[in-house]
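*Asks:* Structure supplied as upload.txt; contents: compact mmCIF, C-alpha atoms.
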```txt
# COMPACT_ATOMS: atom_id res chain seq x y z
CA MET A 1 -30.96 48.75 -46.35
CA ASN A 2 -27.28 49.49 -46.90
CA LYS A 3 -26.75 46.04 -48.41
CA LEU A 4 -29.70 46.64 -50.72
CA LEU A 5 -28.22 49.98 -51.81
CA ILE A 6 -24.79 48.46 -52.46
CA ALA A 7 -26.36 45.61 -54.43
CA ALA A 8 -28.34 48.11 -56.51
CA VAL A 9 -25.22 50.16 -57.24
CA PHE A 10 -23.32 47.08 -58.43
CA ALA A 11 -26.31 45.85 -60.43
CA LEU A 12 -26.75 49.18 -62.22
CA ALA A 13 -23.06 49.92 -62.70
CA PRO A 14 -22.83 48.01 -66.02
CA LEU A 15 -25.77 49.98 -67.36
CA THR A 16 -24.03 53.27 -66.71
CA ALA A 17 -20.84 51.90 -68.26
CA ILE A 18 -22.55 51.11 -71.56
CA ALA A 19 -24.51 54.37 -71.77
CA MET A 20 -23.80 55.62 -75.26
CA PRO A 21 -25.68 57.44 -78.00
CA ALA A 22 -27.96 55.15 -79.98
CA VAL A 23 -28.19 54.76 -83.74
CA GLY A 24 -30.51 57.45 -85.09
CA ASP A 25 -29.83 59.95 -82.30
CA MET A 26 -29.27 63.47 -83.58
CA VAL A 27 -25.90 64.74 -82.37
CA GLY A 28 -25.23 67.58 -84.80
CA LYS A 29 -23.46 68.53 -88.00
CA ASP A 30 -20.51 70.40 -86.55
CA PRO A 31 -17.83 69.54 -83.97
CA ALA A 32 -19.08 71.89 -81.23
CA GLN A 33 -22.67 70.67 -81.40
CA ALA A 34 -21.64 67.03 -81.70
CA THR A 35 -19.19 67.25 -78.80
CA ALA A 36 -21.89 68.63 -76.51
CA SER A 37 -24.46 66.01 -77.59
CA LEU A 38 -22.03 63.10 -77.37
CA GLU A 39 -20.70 64.08 -73.95
CA LYS A 40 -24.27 64.44 -72.68
CA ALA A 41 -24.95 60.90 -73.94
CA GLY A 42 -21.88 59.45 -72.23
CA CYS A 43 -19.37 59.54 -75.10
CA LEU A 44 -16.69 61.55 -73.32
CA ASN A 45 -13.84 63.58 -74.81
CA PRO A 46 -14.67 62.76 -78.44
CA ASP A 47 -12.01 63.09 -81.11
CA PHE A 48 -13.37 63.46 -84.66
CA GLU A 49 -11.96 62.01 -87.85
CA ALA A 50 -13.24 61.35 -91.37
CA GLU A 51 -13.68 57.61 -91.89
CA ASP A 52 -15.28 55.97 -94.92
CA GLY A 53 -17.60 58.90 -95.62
CA HIS A 54 -18.63 59.28 -91.97
CA ILE A 55 -17.44 61.31 -89.03
CA GLU A 56 -15.87 58.89 -86.60
CA ALA A 57 -15.97 60.09 -83.00
CA LYS A 58 -13.51 58.22 -80.82
CA CYS A 59 -14.40 58.56 -77.16
CA HIS A 60 -14.57 56.75 -73.85
CA ASP A 61 -17.37 56.17 -71.39
CA ALA A 62 -17.36 56.79 -67.65
CA GLY A 63 -15.66 53.41 -67.16
CA MET A 64 -12.85 54.42 -69.59
CA LYS A 65 -14.04 51.85 -72.14
CA ARG A 66 -13.20 53.05 -75.67
CA TRP A 67 -16.01 53.55 -78.23
CA GLU A 68 -16.33 54.60 -81.85
CA VAL A 69 -19.48 56.52 -82.78
CA TYR A 70 -20.05 57.06 -86.50
CA ILE A 71 -22.03 60.15 -87.49
CA ASP A 72 -23.65 60.73 -90.88
CA PRO A 73 -22.30 64.18 -91.82
CA ARG A 74 -25.36 64.91 -94.01
CA THR A 75 -27.95 64.38 -91.29
CA GLY A 76 -25.94 64.76 -88.09
CA LYS A 77 -27.42 61.49 -86.82
CA VAL A 78 -25.57 58.54 -85.30
CA ALA A 79 -25.14 55.82 -87.95
CA LYS A 80 -23.24 53.20 -85.96
CA VAL A 81 -21.86 52.65 -82.47
CA LYS A 82 -18.99 50.26 -82.00
CA ALA A 83 -16.99 49.20 -78.95
CA ASN A 84 -13.27 49.64 -79.62
CA ASP A 85 -11.91 46.41 -78.15
CA MET B 1 3.02 19.70 -114.14
CA THR B 2 5.59 19.49 -116.90
CA ASP B 3 9.27 19.73 -116.18
CA HIS B 4 11.56 21.40 -118.67
CA THR B 5 15.09 22.60 -118.92
CA PHE B 6 15.36 26.23 -119.97
CA GLU B 7 18.34 27.56 -121.78
CA GLY B 8 20.29 29.93 -119.58
CA GLU B 9 18.68 28.84 -116.35
CA THR B 10 20.87 27.95 -113.45
CA GLY B 11 18.41 26.71 -110.87
CA GLY B 12 18.87 23.05 -111.84
CA ALA B 13 17.96 20.77 -114.71
CA VAL B 14 14.22 21.06 -114.13
CA ALA B 15 14.12 23.71 -111.43
CA PRO B 16 12.56 27.16 -111.38
CA PRO B 17 14.67 29.99 -112.83
CA ASP B 18 17.48 31.39 -110.73
CA PRO B 19 16.76 34.23 -110.50
CA TRP B 20 13.06 34.59 -111.20
CA ASP B 21 12.38 37.31 -113.77
CA PRO B 22 12.50 40.88 -112.41
CA LEU B 23 8.76 41.52 -112.56
CA VAL B 24 7.97 38.38 -110.53
CA ARG B 25 10.56 39.36 -107.93
CA ILE B 26 9.46 42.99 -107.69
CA THR B 27 5.74 42.19 -107.45
CA HIS B 28 6.47 39.44 -104.89
CA TRP B 29 8.33 41.77 -102.52
CA LEU B 30 5.97 44.70 -103.05
CA VAL B 31 3.04 42.48 -102.06
CA ALA B 32 4.97 41.05 -99.09
CA ALA B 33 5.81 44.55 -97.84
CA ALA B 34 2.24 45.75 -98.37
CA VAL B 35 0.77 42.81 -96.44
CA LEU B 36 3.14 43.40 -93.53
CA VAL B 37 2.68 47.17 -93.38
CA ASN B 38 -1.10 47.23 -93.88
CA GLY B 39 -1.64 44.14 -91.75
CA LEU B 40 0.60 44.94 -88.80
CA ILE B 41 2.04 48.44 -88.86
CA ASP B 42 -0.06 51.29 -90.25
CA LYS B 43 -3.44 52.53 -89.09
CA PRO B 44 -6.40 50.74 -90.70
CA GLY B 45 -8.38 53.27 -92.74
CA GLY B 46 -5.54 55.81 -92.63
CA ILE B 47 -4.12 57.52 -95.70
CA THR B 48 -1.03 55.28 -95.84
CA HIS B 49 -3.24 52.20 -95.59
CA VAL B 50 -5.44 53.36 -98.48
CA TRP B 51 -2.46 54.36 -100.65
CA ILE B 52 -0.90 50.94 -100.13
CA GLY B 53 -4.24 49.27 -100.92
CA TRP B 54 -4.42 51.07 -104.28
CA ALA B 55 -0.78 50.22 -104.98
CA VAL B 56 -1.50 46.54 -104.27
CA LEU B 57 -4.37 46.69 -106.78
CA ALA B 58 -1.93 47.93 -109.43
CA VAL B 59 0.74 45.36 -108.49
CA LEU B 60 -1.76 42.50 -108.48
CA ALA B 61 -3.19 43.55 -111.85
CA THR B 62 0.34 43.73 -113.27
CA ARG B 63 1.20 40.25 -111.99
CA MET B 64 -2.09 38.85 -113.36
CA ALA B 65 -1.27 40.28 -116.79
CA TRP B 66 2.24 38.81 -116.49
CA GLY B 67 0.59 35.44 -115.91
CA PHE B 68 -0.54 35.57 -119.54
CA ILE B 69 2.25 37.45 -121.29
CA GLY B 70 5.32 36.89 -119.09
CA PRO B 71 8.08 34.28 -119.45
CA ALA B 72 7.02 30.63 -119.38
CA GLU B 73 7.68 29.97 -115.70
CA ALA B 74 5.66 33.07 -114.69
CA ARG B 75 2.60 32.08 -116.72
CA PHE B 76 -0.46 30.54 -115.11
CA SER B 77 -0.21 27.68 -117.59
CA SER B 78 3.07 26.65 -115.90
CA PHE B 79 1.48 26.19 -112.50
CA PRO B 80 -2.14 25.09 -112.77
CA PRO B 81 -3.75 24.51 -109.35
CA SER B 82 -4.06 20.80 -108.50
CA PRO B 83 -4.91 19.81 -104.92
CA ARG B 84 -4.09 16.18 -105.72
CA ALA B 85 -0.62 17.09 -107.02
CA ALA B 86 -0.13 19.35 -104.00
CA LEU B 87 -0.88 16.48 -101.60
CA ALA B 88 1.46 14.20 -103.55
CA HIS B 89 4.17 16.86 -103.31
CA VAL B 90 3.70 17.17 -99.54
CA ARG B 91 3.93 13.36 -99.25
CA ASP B 92 7.15 13.37 -101.30
CA LEU B 93 8.48 16.17 -99.12
CA HIS B 94 7.66 14.19 -95.99
CA ARG B 95 9.58 11.23 -97.39
CA GLY B 96 12.51 13.52 -98.17
CA ARG B 97 12.18 13.06 -101.94
CA PRO B 98 10.55 16.25 -103.30
CA LYS B 99 10.63 16.67 -107.06
CA GLU B 100 11.81 19.77 -108.84
CA HIS B 101 9.36 21.74 -110.98
CA ARG B 102 9.84 24.31 -113.71
CA SER B 103 7.78 26.90 -111.85
CA HIS B 104 6.10 26.85 -108.44
CA ASN B 105 5.82 23.35 -106.98
CA PRO B 106 2.22 22.04 -106.67
CA ALA B 107 1.95 22.91 -102.96
CA GLY B 108 3.45 26.32 -103.59
CA THR B 109 1.00 26.77 -106.45
CA ILE B 110 -1.99 26.29 -104.14
CA MET B 111 -0.44 28.81 -101.76
CA VAL B 112 0.19 31.33 -104.55
CA TYR B 113 -3.42 31.21 -105.75
CA ALA B 114 -4.73 31.33 -102.16
CA LEU B 115 -2.59 34.41 -101.48
CA TRP B 116 -3.69 36.16 -104.68
CA ALA B 117 -7.36 35.33 -104.08
CA SER B 118 -7.17 36.59 -100.49
CA LEU B 119 -5.36 39.70 -101.64
CA ALA B 120 -8.07 40.35 -104.25
CA VAL B 121 -10.80 39.98 -101.60
CA VAL B 122 -9.00 42.40 -99.29
CA VAL B 123 -8.57 44.95 -102.09
CA VAL B 124 -12.18 44.72 -103.33
CA THR B 125 -13.66 44.96 -99.82
CA GLY B 126 -11.37 47.92 -99.15
CA LEU B 127 -12.77 49.62 -102.26
CA VAL B 128 -16.33 48.94 -101.06
CA MET B 129 -15.55 50.36 -97.62
CA THR B 130 -14.14 53.59 -99.10
CA ASP B 131 -16.59 53.91 -102.02
CA ALA B 132 -13.47 53.55 -104.19
CA ARG B 133 -12.53 57.15 -103.37
CA SER B 134 -8.95 58.04 -104.23
CA PRO B 135 -6.40 58.41 -101.42
CA VAL B 136 -6.09 62.10 -102.38
CA THR B 137 -9.82 62.67 -101.86
CA ILE B 138 -9.76 60.78 -98.57
CA ALA B 139 -6.77 62.82 -97.39
CA GLU B 140 -8.59 66.06 -98.22
CA GLU B 141 -11.65 64.87 -96.27
CA LYS B 142 -9.54 63.96 -93.26
CA ILE B 143 -7.80 67.34 -93.30
CA ALA B 144 -11.13 69.18 -93.57
CA VAL B 145 -12.69 67.22 -90.69
CA ALA B 146 -9.56 67.64 -88.55
CA SER B 147 -9.87 71.40 -89.05
CA GLY B 148 -13.51 71.30 -87.91
CA ASP B 149 -15.18 71.58 -91.32
CA TRP B 150 -17.63 68.72 -91.88
CA SER B 151 -19.40 70.30 -94.86
CA ALA B 152 -17.08 68.86 -97.53
CA LEU B 153 -17.57 65.33 -96.20
CA ALA B 154 -21.33 65.88 -96.00
CA ALA B 155 -21.41 67.00 -99.64
CA ALA B 156 -19.33 64.02 -100.77
CA SER B 157 -20.92 61.26 -98.70
CA LYS B 158 -23.71 59.08 -99.99
CA LYS B 159 -26.92 58.15 -98.28
CA ASP B 160 -26.62 55.40 -95.70
CA GLU B 161 -28.50 52.87 -97.80
CA ASP B 162 -25.42 50.69 -98.29
CA HIS B 163 -24.33 50.70 -94.66
CA GLY B 164 -25.11 46.97 -94.30
CA LEU B 165 -22.93 46.17 -97.30
CA LYS B 166 -20.09 48.23 -95.84
CA ASP B 167 -20.39 46.44 -92.50
CA VAL B 168 -20.13 43.07 -94.27
CA ALA B 169 -17.21 44.37 -96.36
CA GLU B 170 -15.43 45.52 -93.20
CA GLU B 171 -15.82 42.12 -91.52
CA VAL B 172 -14.65 40.25 -94.63
CA HIS B 173 -11.76 42.72 -95.09
CA GLY B 174 -10.49 42.09 -91.56
CA ALA B 175 -10.93 38.32 -91.75
CA PHE B 176 -9.08 38.00 -95.07
CA ALA B 177 -6.35 40.39 -93.93
CA ASN B 178 -5.72 38.05 -90.99
CA LEU B 179 -5.90 35.05 -93.31
CA LEU B 180 -3.26 36.69 -95.53
CA LEU B 181 -0.88 36.98 -92.58
CA ILE B 182 -1.46 33.34 -91.65
CA LEU B 183 -0.94 32.19 -95.25
CA ALA B 184 2.21 34.32 -95.49
CA ALA B 185 3.58 32.61 -92.36
CA PHE B 186 2.86 29.16 -93.86
CA HIS B 187 4.44 30.31 -97.13
CA VAL B 188 7.67 31.28 -95.36
CA GLY B 189 7.62 27.99 -93.44
CA GLY B 190 7.11 26.07 -96.69
CA VAL B 191 10.08 27.81 -98.31
CA VAL B 192 12.29 26.87 -95.34
CA VAL B 193 11.16 23.21 -95.34
CA GLU B 194 11.47 22.86 -99.13
CA SER B 195 14.89 24.54 -99.17
CA ARG B 196 16.17 22.06 -96.59
CA ALA B 197 14.70 19.08 -98.43
CA LEU B 198 16.17 20.18 -101.76
CA ARG B 199 19.41 21.38 -100.14
CA ARG B 200 18.99 24.55 -102.17
CA ASN B 201 18.16 28.07 -101.03
CA LEU B 202 14.76 28.87 -102.56
CA LEU B 203 14.82 32.42 -101.23
CA ARG B 204 17.86 33.46 -103.24
CA PRO B 205 16.21 33.21 -106.72
CA MET B 206 13.46 35.50 -105.44
CA LEU B 207 16.09 38.01 -104.26
CA TYR B 208 19.01 38.33 -106.64
CA GLY B 209 19.74 35.00 -108.28
CA LYS B 210 22.93 33.01 -108.46
CA HIS B 211 26.15 34.17 -106.85
CA LYS B 212 28.51 35.94 -109.19
CA ALA B 213 31.64 33.97 -110.01
```
What do you get writing this file as structure tokens?
*Replies:*
Amino acid sequence: MNKLLIAAVFALAPLTAIAMPAVGDMVGKDPAQATASLEKAGCLNPDFEAEDGHIEAKCHDAGMKRWEVYIDPRTGKVAKVKAND
Amino acid sequence: MTDHTFEGETGGAVAPPDPWDPLVRITHWLVAAAVLVNGLIDKPGGITHVWIGWAVLAVLATRMAWGFIGPAEARFSSFPPSPRAALAHVRDLHRGRPKEHRSHNPAGTIMVYALWASLAVVVVTGLVMTDARSPVTIAEEKIAVASGDWSALAAASKKDEDHGLKDVAEEVHGAFANLLLILAAFHVGGVVVESRALRRNLLRPMLYGKHKA
């Protein structure tokens, strides 16, 4: 049973690591709202910046992998999610 | 490629001018600095990056105009692209018998046009990525967002209809920026090889010209 549990943890670990907001998700039109929504979705400690007409949220996931989430400032929805390699 | 002797030139009987005219030298080094800074040093998408991109557009346009109205050796008519002539030049170079040319040598000519074309692609894709907004506007947007105000950016931004185009532009921009750095490295290598073969410093005419007596 323990082996099964350990195997399940390892098998599901990558899924938790890539948990991120999806394109189209509503995260909000202001920093406070967006920070709360992004952190809830796994985009931790976001830092916002204007980038090519979008709000770029630079954050990391639980595995400390860096991500860039682009938010449409008009709608407050996620327009693009990109791994920052 | 025609070879001429120009009155007042000191680069050799049929060699490029020594020094090159001031506008060729200035635009050459401005582009070189811009490629290095935007390609390796500053932050992509940052204000400095965008300012330099717009400056490169102006420098490139100036050099293109100079290709029609500048002195003979700076004109496009003095260095028409010819892959066959370029290969012949490389063969001559390999044999240790490169010929002199009034302007860029045929191999250098291919490199010059490749660099300009790549530079143009990088500039145009950069304009697509930023909706051709001025660096001042972009700076204002960044300051507003940094202070927590997203409303100005929301009012200025367009609908996301062209997001696919911007994604393609971004990929092309990055690829050609890397290509520019690779071409620049080959360009420097070519200058070194050619200088050794001709036993003449080809860098000097692009800097300050002949030594004062």
*Asks:* At a cut-off of 12 Å, can you tabulate as a tab-separated table every residue of chain A near chain B together with its closest atom pair and the distance in Å to one decimal, using only C-alpha atoms and ordering rows by chain then number?
*Replies:*
```
residue	atom	partner	partner_atom	distance
A:Gly24	CA	B:Asp160	CA	11.5
A:Gly28	CA	B:Trp150	CA	10.4
A:Lys29	CA	B:Trp150	CA	7.0
A:Asp30	CA	B:Trp150	CA	6.3
A:Pro31	CA	B:Gly148	CA	6.1
A:Ala32	CA	B:Gly148	CA	8.7
A:Gln33	CA	B:Gly148	CA	11.3
A:Ala34	CA	B:Trp150	CA	11.1
A:Thr35	CA	B:Gly148	CA	11.5
A:Asp47	CA	B:Ala146	CA	9.1
A:Phe48	CA	B:Ala146	CA	6.9
A:Glu49	CA	B:Val145	CA	6.0
A:Ala50	CA	B:Lys142	CA	4.9
A:Glu51	CA	B:Gly45	CA	6.9
A:Asp52	CA	B:Thr130	CA	4.9
A:Gly53	CA	B:Ser157	CA	5.1
A:His54	CA	B:Ser157	CA	7.4
A:Ile55	CA	B:Val145	CA	7.8
A:Glu56	CA	B:Val145	CA	9.8
A:Ala57	CA	B:Val145	CA	11.0
A:Tyr70	CA	B:His163	CA	11.2
A:Ile71	CA	B:Ala154	CA	10.3
A:Asp72	CA	B:Ala154	CA	7.6
A:Pro73	CA	B:Ala154	CA	4.6
A:Arg74	CA	B:Ala154	CA	4.6
A:Thr75	CA	B:Ala154	CA	8.3
A:Gly76	CA	B:Ala154	CA	9.2
A:Lys77	CA	B:Asp160	CA	10.8
A:Val78	CA	B:Asp160	CA	10.9
A:Ala79	CA	B:Asp160	CA	7.9
A:Lys80	CA	B:His163	CA	9.1
A:Val81	CA	B:Asp167	CA	11.9
A:Lys82	CA	B:Asp167	CA	11.3
```
*Asks:* What's the 10 Å shell around Leu115 of chain B, counting only C-alpha atoms, without same-chain residues fewer than 2 positions away, as JSON, numbers by chain?
*Replies:* {"B": [31, 109, 110, 111, 112, 113, 117, 118, 119, 120, 121, 176, 179, 180, 181, 182, 183, 184, 187]}
*Asks:* If you take every atom of segment 56-71 of chain A that the file lists and fit an axis-aligned box around them with 3 Å extra on each side, what centre and edge lengths come out in Å to one decimal, as AutoDock Vina command-line options?
*Replies:*
```
--center_x -17.4 --center_y 56.0 --center_z -77.3 --size_x 15.2 --size_y 14.3 --size_z 26.3
```
*Asks:* For Asn201 of chain B, which residue among B:His101, B:Leu57, B:Pro80, B:Asp18 is the nearest when counting only C-alpha atoms?
*Replies:*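 Ranking B:His101, B:Leu57, B:Pro80, B:Asp18 by distance to Asn201 of chain B, first place goes to B:Asp18.
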*Asks:* When you draw a straight line from atom CA of Asn84 of chain A to atom CA of Trp67 of chain A, how long is it in Å?
*Replies:*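 These atoms are spaced 5.0 Å apart.
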*Asks:* Quick check, in Å to one decimal: how far apart do atom CA of Thr27 of chain B and atom CA of Phe186 of chain B lie?
*Replies:*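 Separating atom CA of Thr27 of chain B from atom CA of Phe186 of chain B is a distance of 19.0 Å.
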*Asks:* Counting only C-alpha atoms, figure out which residue out of B:Pro71, B:Pro19, B:Pro135, B:Gly190 gets nearest to Gly108 of chain B.
*Replies:*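 Of B:Pro71, B:Pro19, B:Pro135, B:Gly190, the one nearest Gly108 of chain B, counting only C-alpha atoms, is B:Gly190.
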*Asks:* Report the distance between atom CA of Ser103 of chain B and atom CA of Val35 of chain B in Å, rounded to one decimal place.
*Replies:*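 Atom CA of Val35 of chain B lies at a distance of 23.2 Å from atom CA of Ser103 of chain B.
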*Asks:* List every protein, DNA or RNA residue that has at least one atom no more than 6 Å from (-25.0, 58.0, -75.8) in the file's coordinates, counting all atoms listed in the file, and write the result as a ChimeraX atom specification.
*Replies:* /A:19-22,41-43
*Asks:* Excluding Pro83 of chain B and its own-chain neighbours fewer than 3 positions away, which residues fall within 9 Å of it when counting all atoms listed in the file? Please give them as a ChimeraX atom specification.
*Replies:* /B:86-88,106-107,110
*Asks:* What lies within 12 Å of segment 59-66 of chain B using all atoms listed in the file, ignoring chain neighbours under 6 positions off, as a compact mmCIF listing (two decimals) with C-alpha atoms, in the frame of the given file?
*Replies:*
```
# COMPACT_ATOMS: atom_id res chain seq x y z
CA ASP B 21 12.38 37.31 -113.77
CA PRO B 22 12.50 40.88 -112.41
CA LEU B 23 8.76 41.52 -112.56
CA VAL B 24 7.97 38.38 -110.53
CA ARG B 25 10.56 39.36 -107.93
CA ILE B 26 9.46 42.99 -107.69
CA THR B 27 5.74 42.19 -107.45
CA HIS B 28 6.47 39.44 -104.89
CA TRP B 29 8.33 41.77 -102.52
CA LEU B 30 5.97 44.70 -103.05
CA VAL B 31 3.04 42.48 -102.06
CA ALA B 32 4.97 41.05 -99.09
CA ALA B 33 5.81 44.55 -97.84
CA ALA B 34 2.24 45.75 -98.37
CA ILE B 52 -0.90 50.94 -100.13
CA GLY B 53 -4.24 49.27 -100.92
CA ALA B 72 7.02 30.63 -119.38
CA GLU B 73 7.68 29.97 -115.70
CA ALA B 74 5.66 33.07 -114.69
CA ARG B 75 2.60 32.08 -116.72
CA PHE B 76 -0.46 30.54 -115.11
CA SER B 77 -0.21 27.68 -117.59
CA VAL B 112 0.19 31.33 -104.55
CA TYR B 113 -3.42 31.21 -105.75
CA LEU B 115 -2.59 34.41 -101.48
CA TRP B 116 -3.69 36.16 -104.68
CA ALA B 117 -7.36 35.33 -104.08
CA SER B 118 -7.17 36.59 -100.49
CA LEU B 119 -5.36 39.70 -101.64
CA ALA B 120 -8.07 40.35 -104.25
CA VAL B 121 -10.80 39.98 -101.60
CA VAL B 122 -9.00 42.40 -99.29
CA VAL B 123 -8.57 44.95 -102.09
CA VAL B 124 -12.18 44.72 -103.33
```
*Asks:* Counting all atoms listed in the file, figure out which residue out of A:Val23, A:Lys40, A:Pro46, A:Ala83 gets nearest to Lys65 of chain A.
*Replies:* A:Ala83
